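Chemist: Before I ask anything, here is the structure I am working with.
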Amino acid sequence: MNIPNQFCTSFTRQGRRLVSCGGRFIHGVTLCLGVTLLAVIGAWAQRAAFGTVWLEELVLAILLGIGLRALYEPTATMLVGIRFCAKQVLDVAVMLLGLSISTHMLFGKGVALPLGIALFVAIAIATSYAIGRLFGLPHRMATLIACGNAICGDSAIAAIAPVIDAEGEDVAASISFTALLGVALVLLLPLSVTLLHMQALQYGALAGLTVYAVPQVLAATAPAGASAVQFGTLIKLTRVFMLGPVVIFLACIVRKTAKNRSGAISVPRTDADFAVKNAMLHQCLPWFILGFLGLAVLRSV
């Protein structure tokens with residue numbers, strides 16, 4: 001038996017399999033990278049022309065994708081890479097959001113501020129969800145819009161969508177609606193300074209609690225001065241920190257609902273209970289959410 005030859009043959013087969021697997025993804029991934037590049041250029045052009053970004057890269061990418069899909073139907077080969085980007089790559093992106101979170105920033109002003117903002121986020125999600133359902137929106141779309149408006153817009157929608165098993169159409173519609181609402185707020189919110197006779201810190205708090213994206217908070221608070229900009233940004237970043245707890249809560253709700261619908265029956269406890277609990281914890285805490293929390297802690301060290 002020639003072991004070295006067998007090893008080389010096996011290694012060659014595995015290499016060909018990897019190349020073949022990569023070839024299945026390359027067309028769709030290339031298409032997604034092209035759309036991403038156009039979105040980045042579009043955001044850069046807005047910043048160069050207007051001094052700020054009204055429609056962020058993710059929103060532009062969604063709009064470009066919708067337009068491209070209306071003009072051209074991707075082939076089955078392309079769909080493999082597109083679905084890979086929409087699932088695995090998106091999960092990694094959500095995990096990397098943790099690097100933008102700092103617990104020192106969150107608790108630097110005391111415990112009252114994050115607790116108050118957490119209460120506001122909870123009320124905003126519940127209210128927005130109820131309004132969405134009242135207007136006939138599907139459950140998942142209403143959830144995405146509510147969380148997007150209450151936390152951090154398209155980033156929250158992208159993070160929550162895989163947890164609640166939302167369809168691509170729900171994600172696209174939610175991001176588009178949230179983006180349009182965000183632009184409207186940036187344009188109209190500065191009027192409240194004069195109409196409501198608000199001070200800089202009051203207006204900064206209002207903008208930080210209502211506008212969903214950090215660049216838009218900067219654009220909305222700039223007319224009110226540096227104090228409004230700083231306080232509004234602090235509140236907005238604290239809202240972003242609520243993404244992790246909200247995603248964990250929704251994941252547990254989804255798993256519990258699925259278990260109840262499956263008609264699971266109780267069984268006597270066994271030595272396997274510990275393994276079952278670990279499996280349930282893994283279901284409530286997807287790997288990318290654990291990575292998100294871990295990177296947030298690492299960012300704060």
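We label chains A, B, ... in the order they appear in the structure tokens, count residues from 1 in each chain, and number ligands from 1 in the order shown.
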If DSSP is run on the backbone, what residues of range 93-279 of chain A are helix (DSSP H, G or I)? A reply as a PyMOL selection string would be ideal.

Modeler: chain A and resi 93-100+103-107+112-134+139-150+154-160+168-188+191-195+200-210+214-224+226-241+243-261+273-279

Chemist: Please provide the set of residues having any atom within 7 Å of Val240 in chain A, restricted to only C-alpha atoms, with same-chain residues fewer than 4 positions apart removed, written as a list in words.

Modeler: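 Returned residues: Ile151, Cys152 and Lys236 of chain A.
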
Chemist: So that I can see what lies close to Ala43 in chain A, please list as a PyMOL selection string the residues with an atom at most 12 Å from it, counting only C-alpha atoms and leaving out residues fewer than 2 positions away in the same chain.

Modeler: chain A and resi 36-41+45-61+215

Chemist: Could you give me, as a compact mmCIF listing (two decimals) with N, CA and C atoms, in the first residue's frame, the residues within 8 Å of Leu185 in chain A, counting only C-alpha atoms and dropping anything in the same chain fewer than 6 positions from it?

Modeler:
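What follows is the written file around_18.txt:
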# COMPACT_ATOMS: atom_id res chain seq x y z
N THR A 210 -34.82 59.66 18.31
CA THR A 210 -35.73 59.47 17.18
C THR A 210 -35.04 59.13 15.86
N VAL A 211 -33.92 59.79 15.57
CA VAL A 211 -33.22 59.54 14.30
C VAL A 211 -32.43 58.25 14.43
N ALA A 220 -28.82 66.15 11.77
CA ALA A 220 -30.00 66.76 12.36
C ALA A 220 -29.66 67.70 13.51

Chemist: Which residues are near Leu144 in chain A? Cut-off 10 Å, only C-alpha atoms, ignore same chain within fewer than 3 positions. Put them as a PyMOL selection string.

Modeler: chain A and resi 125+128-129+139-141+147-150+153-154+156-161+164+166+170-171+173-175+178

Chemist: Can I get the selection written as a short mmCIF file (atom, residue, chain, number, x, y, z; two decimals), in the first residue's frame, with N, CA, C and O atoms?

Modeler:
data_model
loop_
_atom_site.label_atom_id
_atom_site.label_comp_id
_atom_site.auth_asym_id
_atom_site.auth_seq_id
_atom_site.Cartn_x
_atom_site.Cartn_y
_atom_site.Cartn_z
N ILE A 125 -40.48 49.98 20.47
CA ILE A 125 -40.67 48.74 19.70
C ILE A 125 -42.12 48.25 19.83
O ILE A 125 -42.77 47.91 18.82
N SER A 128 -44.48 50.78 17.92
CA SER A 128 -44.32 50.69 16.47
C SER A 128 -44.87 49.37 15.93
O SER A 128 -45.50 49.35 14.86
N TYR A 129 -44.63 48.29 16.65
CA TYR A 129 -45.16 46.99 16.22
C TYR A 129 -46.69 47.01 16.21
O TYR A 129 -47.32 46.52 15.25
N HIS A 139 -46.48 40.06 10.45
CA HIS A 139 -45.80 40.03 11.75
C HIS A 139 -44.32 40.32 11.64
O HIS A 139 -43.77 41.17 12.36
N ARG A 140 -43.63 39.65 10.71
CA ARG A 140 -42.18 39.80 10.62
C ARG A 140 -41.80 41.20 10.13
O ARG A 140 -40.85 41.81 10.63
N MET A 141 -42.53 41.72 9.15
CA MET A 141 -42.22 43.05 8.65
C MET A 141 -42.47 44.10 9.73
O MET A 141 -41.67 45.04 9.89
N CYS A 147 -38.18 47.46 15.25
CA CYS A 147 -36.81 47.39 15.80
C CYS A 147 -35.87 48.33 15.06
O CYS A 147 -34.98 48.94 15.67
N GLY A 148 -36.04 48.45 13.75
CA GLY A 148 -35.20 49.36 12.98
C GLY A 148 -35.37 50.80 13.42
O GLY A 148 -34.39 51.53 13.61
N ASN A 149 -36.62 51.23 13.61
CA ASN A 149 -36.87 52.60 14.03
C ASN A 149 -36.44 52.84 15.47
O ASN A 149 -36.02 53.94 15.83
N ALA A 150 -36.56 51.83 16.32
CA ALA A 150 -36.28 52.02 17.74
C ALA A 150 -34.80 51.92 18.08
O ALA A 150 -34.37 52.49 19.09
N GLY A 153 -31.88 51.38 12.84
CA GLY A 153 -32.22 51.32 11.43
C GLY A 153 -31.83 50.05 10.72
O GLY A 153 -32.12 48.94 11.19
N ASP A 154 -31.16 50.20 9.58
CA ASP A 154 -30.86 49.05 8.72
C ASP A 154 -29.96 48.03 9.40
O ASP A 154 -30.07 46.83 9.14
N ALA A 156 -30.00 47.18 12.60
CA ALA A 156 -30.87 46.38 13.45
C ALA A 156 -31.72 45.43 12.63
O ALA A 156 -31.91 44.26 13.00
N ILE A 157 -32.23 45.91 11.52
CA ILE A 157 -33.04 45.05 10.64
C ILE A 157 -32.21 43.89 10.13
O ILE A 157 -32.66 42.73 10.12
N ALA A 158 -30.98 44.18 9.70
CA ALA A 158 -30.11 43.12 9.20
C ALA A 158 -29.76 42.11 10.28
O ALA A 158 -29.63 40.91 10.01
N ALA A 159 -29.62 42.56 11.53
CA ALA A 159 -29.28 41.65 12.62
C ALA A 159 -30.47 40.81 13.06
O ALA A 159 -30.31 39.63 13.41
N ILE A 160 -31.66 41.38 13.03
CA ILE A 160 -32.84 40.70 13.54
C ILE A 160 -33.47 39.79 12.50
O ILE A 160 -34.07 38.77 12.85
N ALA A 161 -33.31 40.11 11.22
CA ALA A 161 -33.96 39.33 10.16
C ALA A 161 -33.65 37.83 10.22
O ALA A 161 -34.58 37.02 10.16
N ILE A 164 -35.52 36.01 13.26
CA ILE A 164 -36.97 35.76 13.16
C ILE A 164 -37.33 35.10 11.83
O ILE A 164 -38.51 35.00 11.49
N ALA A 166 -36.99 36.14 8.72
CA ALA A 166 -37.69 37.05 7.82
C ALA A 166 -37.28 36.80 6.38
O ALA A 166 -36.14 36.41 6.09
N ASP A 170 -39.35 41.16 3.03
CA ASP A 170 -39.64 41.89 4.26
C ASP A 170 -38.47 42.77 4.65
O ASP A 170 -38.65 43.92 5.09
N VAL A 171 -37.25 42.24 4.49
CA VAL A 171 -36.06 43.02 4.84
C VAL A 171 -35.93 44.24 3.94
O VAL A 171 -35.69 45.37 4.42
N ALA A 173 -38.25 45.83 2.18
CA ALA A 173 -39.31 46.80 2.43
C ALA A 173 -39.08 47.55 3.74
O ALA A 173 -39.28 48.77 3.83
N SER A 174 -38.62 46.83 4.77
CA SER A 174 -38.39 47.45 6.07
C SER A 174 -37.25 48.47 6.02
O SER A 174 -37.36 49.57 6.56
N ILE A 175 -36.17 48.10 5.35
CA ILE A 175 -35.04 49.02 5.24
C ILE A 175 -35.42 50.26 4.44
O ILE A 175 -35.06 51.39 4.80
N THR A 178 -37.74 52.49 6.62
CA THR A 178 -36.98 53.11 7.71
C THR A 178 -36.06 54.20 7.18
O THR A 178 -35.90 55.26 7.82
#

Chemist: Which of these residues is nearest to Asp91 in chain A, using only C-alpha atoms: A:Ile123, A:Val163, A:Ala258, A:Ala226?

Modeler: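 With only C-alpha atoms as the atom set, the closest residue is A:Val163.
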
Chemist: I'd like the neighbourhood of Ala126 in chain A as a PyMOL selection string, where a residue qualifies if any of its atoms comes within 10 Å (using only C-alpha atoms), though same-chain residues fewer than 5 positions away should be ignored.

Modeler: chain A and resi 120-121+131-132+143+146-147+150

Chemist: Could you write out the selected residues, including all heavy atoms, as a PDB file, in the first residue's frame?

Modeler:
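Written out: result.pdb:
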ATOM      1  N   PHE A 120     -37.150  53.407  26.863  1.00  0.00           N
ATOM      2  CA  PHE A 120     -37.664  54.070  25.665  1.00  0.00           C
ATOM      3  C   PHE A 120     -37.666  53.121  24.470  1.00  0.00           C
ATOM      4  O   PHE A 120     -38.642  53.077  23.707  1.00  0.00           O
ATOM      5  CB  PHE A 120     -36.818  55.306  25.340  1.00  0.00           C
ATOM      6  CG  PHE A 120     -37.136  55.917  24.008  1.00  0.00           C
ATOM      7  CD1 PHE A 120     -38.180  56.815  23.884  1.00  0.00           C
ATOM      8  CD2 PHE A 120     -36.393  55.583  22.874  1.00  0.00           C
ATOM      9  CE1 PHE A 120     -38.484  57.374  22.651  1.00  0.00           C
ATOM     10  CE2 PHE A 120     -36.687  56.143  21.648  1.00  0.00           C
ATOM     11  CZ  PHE A 120     -37.737  57.041  21.528  1.00  0.00           C
ATOM     12  N   VAL A 121     -36.574  52.369  24.295  1.00  0.00           N
ATOM     13  CA  VAL A 121     -36.483  51.432  23.171  1.00  0.00           C
ATOM     14  C   VAL A 121     -37.576  50.373  23.266  1.00  0.00           C
ATOM     15  O   VAL A 121     -38.235  50.036  22.267  1.00  0.00           O
ATOM     16  CB  VAL A 121     -35.085  50.777  23.131  1.00  0.00           C
ATOM     17  CG1 VAL A 121     -35.066  49.602  22.147  1.00  0.00           C
ATOM     18  CG2 VAL A 121     -34.033  51.807  22.739  1.00  0.00           C
ATOM     19  N   ILE A 131     -48.667  49.599  15.858  1.00  0.00           N
ATOM     20  CA  ILE A 131     -49.133  50.441  14.759  1.00  0.00           C
ATOM     21  C   ILE A 131     -49.002  49.702  13.424  1.00  0.00           C
ATOM     22  O   ILE A 131     -49.900  49.746  12.575  1.00  0.00           O
ATOM     23  CB  ILE A 131     -48.344  51.764  14.728  1.00  0.00           C
ATOM     24  CG1 ILE A 131     -48.660  52.601  15.972  1.00  0.00           C
ATOM     25  CG2 ILE A 131     -48.655  52.549  13.460  1.00  0.00           C
ATOM     26  CD1 ILE A 131     -47.824  53.856  16.105  1.00  0.00           C
ATOM     27  N   GLY A 132     -47.872  49.011  13.246  1.00  0.00           N
ATOM     28  CA  GLY A 132     -47.675  48.252  12.009  1.00  0.00           C
ATOM     29  C   GLY A 132     -48.736  47.179  11.817  1.00  0.00           C
ATOM     30  O   GLY A 132     -49.290  47.011  10.727  1.00  0.00           O
ATOM     31  N   THR A 143     -42.241  43.648  12.906  1.00  0.00           N
ATOM     32  CA  THR A 143     -41.151  43.508  13.884  1.00  0.00           C
ATOM     33  C   THR A 143     -39.882  44.184  13.395  1.00  0.00           C
ATOM     34  O   THR A 143     -39.203  44.899  14.151  1.00  0.00           O
ATOM     35  CB  THR A 143     -40.876  42.020  14.156  1.00  0.00           C
ATOM     36  OG1 THR A 143     -42.072  41.389  14.637  1.00  0.00           O
ATOM     37  CG2 THR A 143     -39.768  41.853  15.186  1.00  0.00           C
ATOM     38  N   ALA A 146     -40.312  48.016  13.459  1.00  0.00           N
ATOM     39  CA  ALA A 146     -40.322  48.498  14.839  1.00  0.00           C
ATOM     40  C   ALA A 146     -38.918  48.524  15.425  1.00  0.00           C
ATOM     41  O   ALA A 146     -38.498  49.526  16.039  1.00  0.00           O
ATOM     42  CB  ALA A 146     -41.242  47.622  15.684  1.00  0.00           C
ATOM     43  N   CYS A 147     -38.176  47.458  15.250  1.00  0.00           N
ATOM     44  CA  CYS A 147     -36.812  47.386  15.798  1.00  0.00           C
ATOM     45  C   CYS A 147     -35.871  48.326  15.056  1.00  0.00           C
ATOM     46  O   CYS A 147     -34.981  48.940  15.666  1.00  0.00           O
ATOM     47  CB  CYS A 147     -36.298  45.954  15.736  1.00  0.00           C
ATOM     48  SG  CYS A 147     -37.199  44.810  16.803  1.00  0.00           S
ATOM     49  N   ALA A 150     -36.562  51.831  16.320  1.00  0.00           N
ATOM     50  CA  ALA A 150     -36.283  52.023  17.743  1.00  0.00           C
ATOM     51  C   ALA A 150     -34.804  51.922  18.085  1.00  0.00           C
ATOM     52  O   ALA A 150     -34.366  52.490  19.088  1.00  0.00           O
ATOM     53  CB  ALA A 150     -37.063  51.000  18.568  1.00  0.00           C
TER      54      ALA A 150
END

Chemist: Quick check, in Å to one decimal: how far apart do CA of Thr77 in chain A and CA of Ile26 in chain A lie?

Modeler: 8.9 Å

Chemist: From the set A:Phe241, A:Phe231, A:Phe292, A:Phe84, which residue has the shortest atom-to-atom contact distance to Ala207 in chain A, counting only C-alpha atoms?

Modeler: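 The shortest atom-to-atom distance to Ala207 in chain A comes from A:Phe231.
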
Chemist: When you draw a straight line from CA of His197 in chain A to CA of Leu209 in chain A, how long is it in Å?

Modeler: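 For CA of His197 in chain A relative to CA of Leu209 in chain A, the distance reads 18.1 Å.
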
Chemist: Which residue gives the smallest distance to Leu119 in chain A among A:Thr221, A:Ser155, A:Thr238, A:Thr233, with only C-alpha atoms counted?

Modeler: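 Using only C-alpha atoms, Leu119 in chain A sits closest to A:Thr238.
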
Chemist: Have a look at CA of Gly204 in chain A and CA of Ile145 in chain A and let me know their distance in Å, one decimal.

Modeler: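 Interatomic distance, CA of Gly204 in chain A to CA of Ile145 in chain A: 23.2 Å.
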
Chemist: Rank A:Gly42, A:Gly34, A:Gly116, A:Gly81 by their smallest atom-to-atom distance to Met242 in chain A, using only C-alpha atoms, and report the top residue only.

Modeler: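 Of all the options, A:Gly116 lies closest to Met242 in chain A.
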
Chemist: My list of candidates is A:Val186, A:Leu137, A:Leu96, A:Val111. Which is closest to Ala296 in chain A when distances are computed with only C-alpha atoms?

Modeler: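 Among the listed residues, the smallest separation from Ala296 in chain A belongs to A:Leu96.
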
Chemist: Given the choices A:Ile117, A:Leu180, A:Ala224, A:Ala142, which gets closest to Leu63 in chain A if the distance is worked out from only C-alpha atoms?

Modeler: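 Smallest separation from Leu63 in chain A among the options: A:Leu180.
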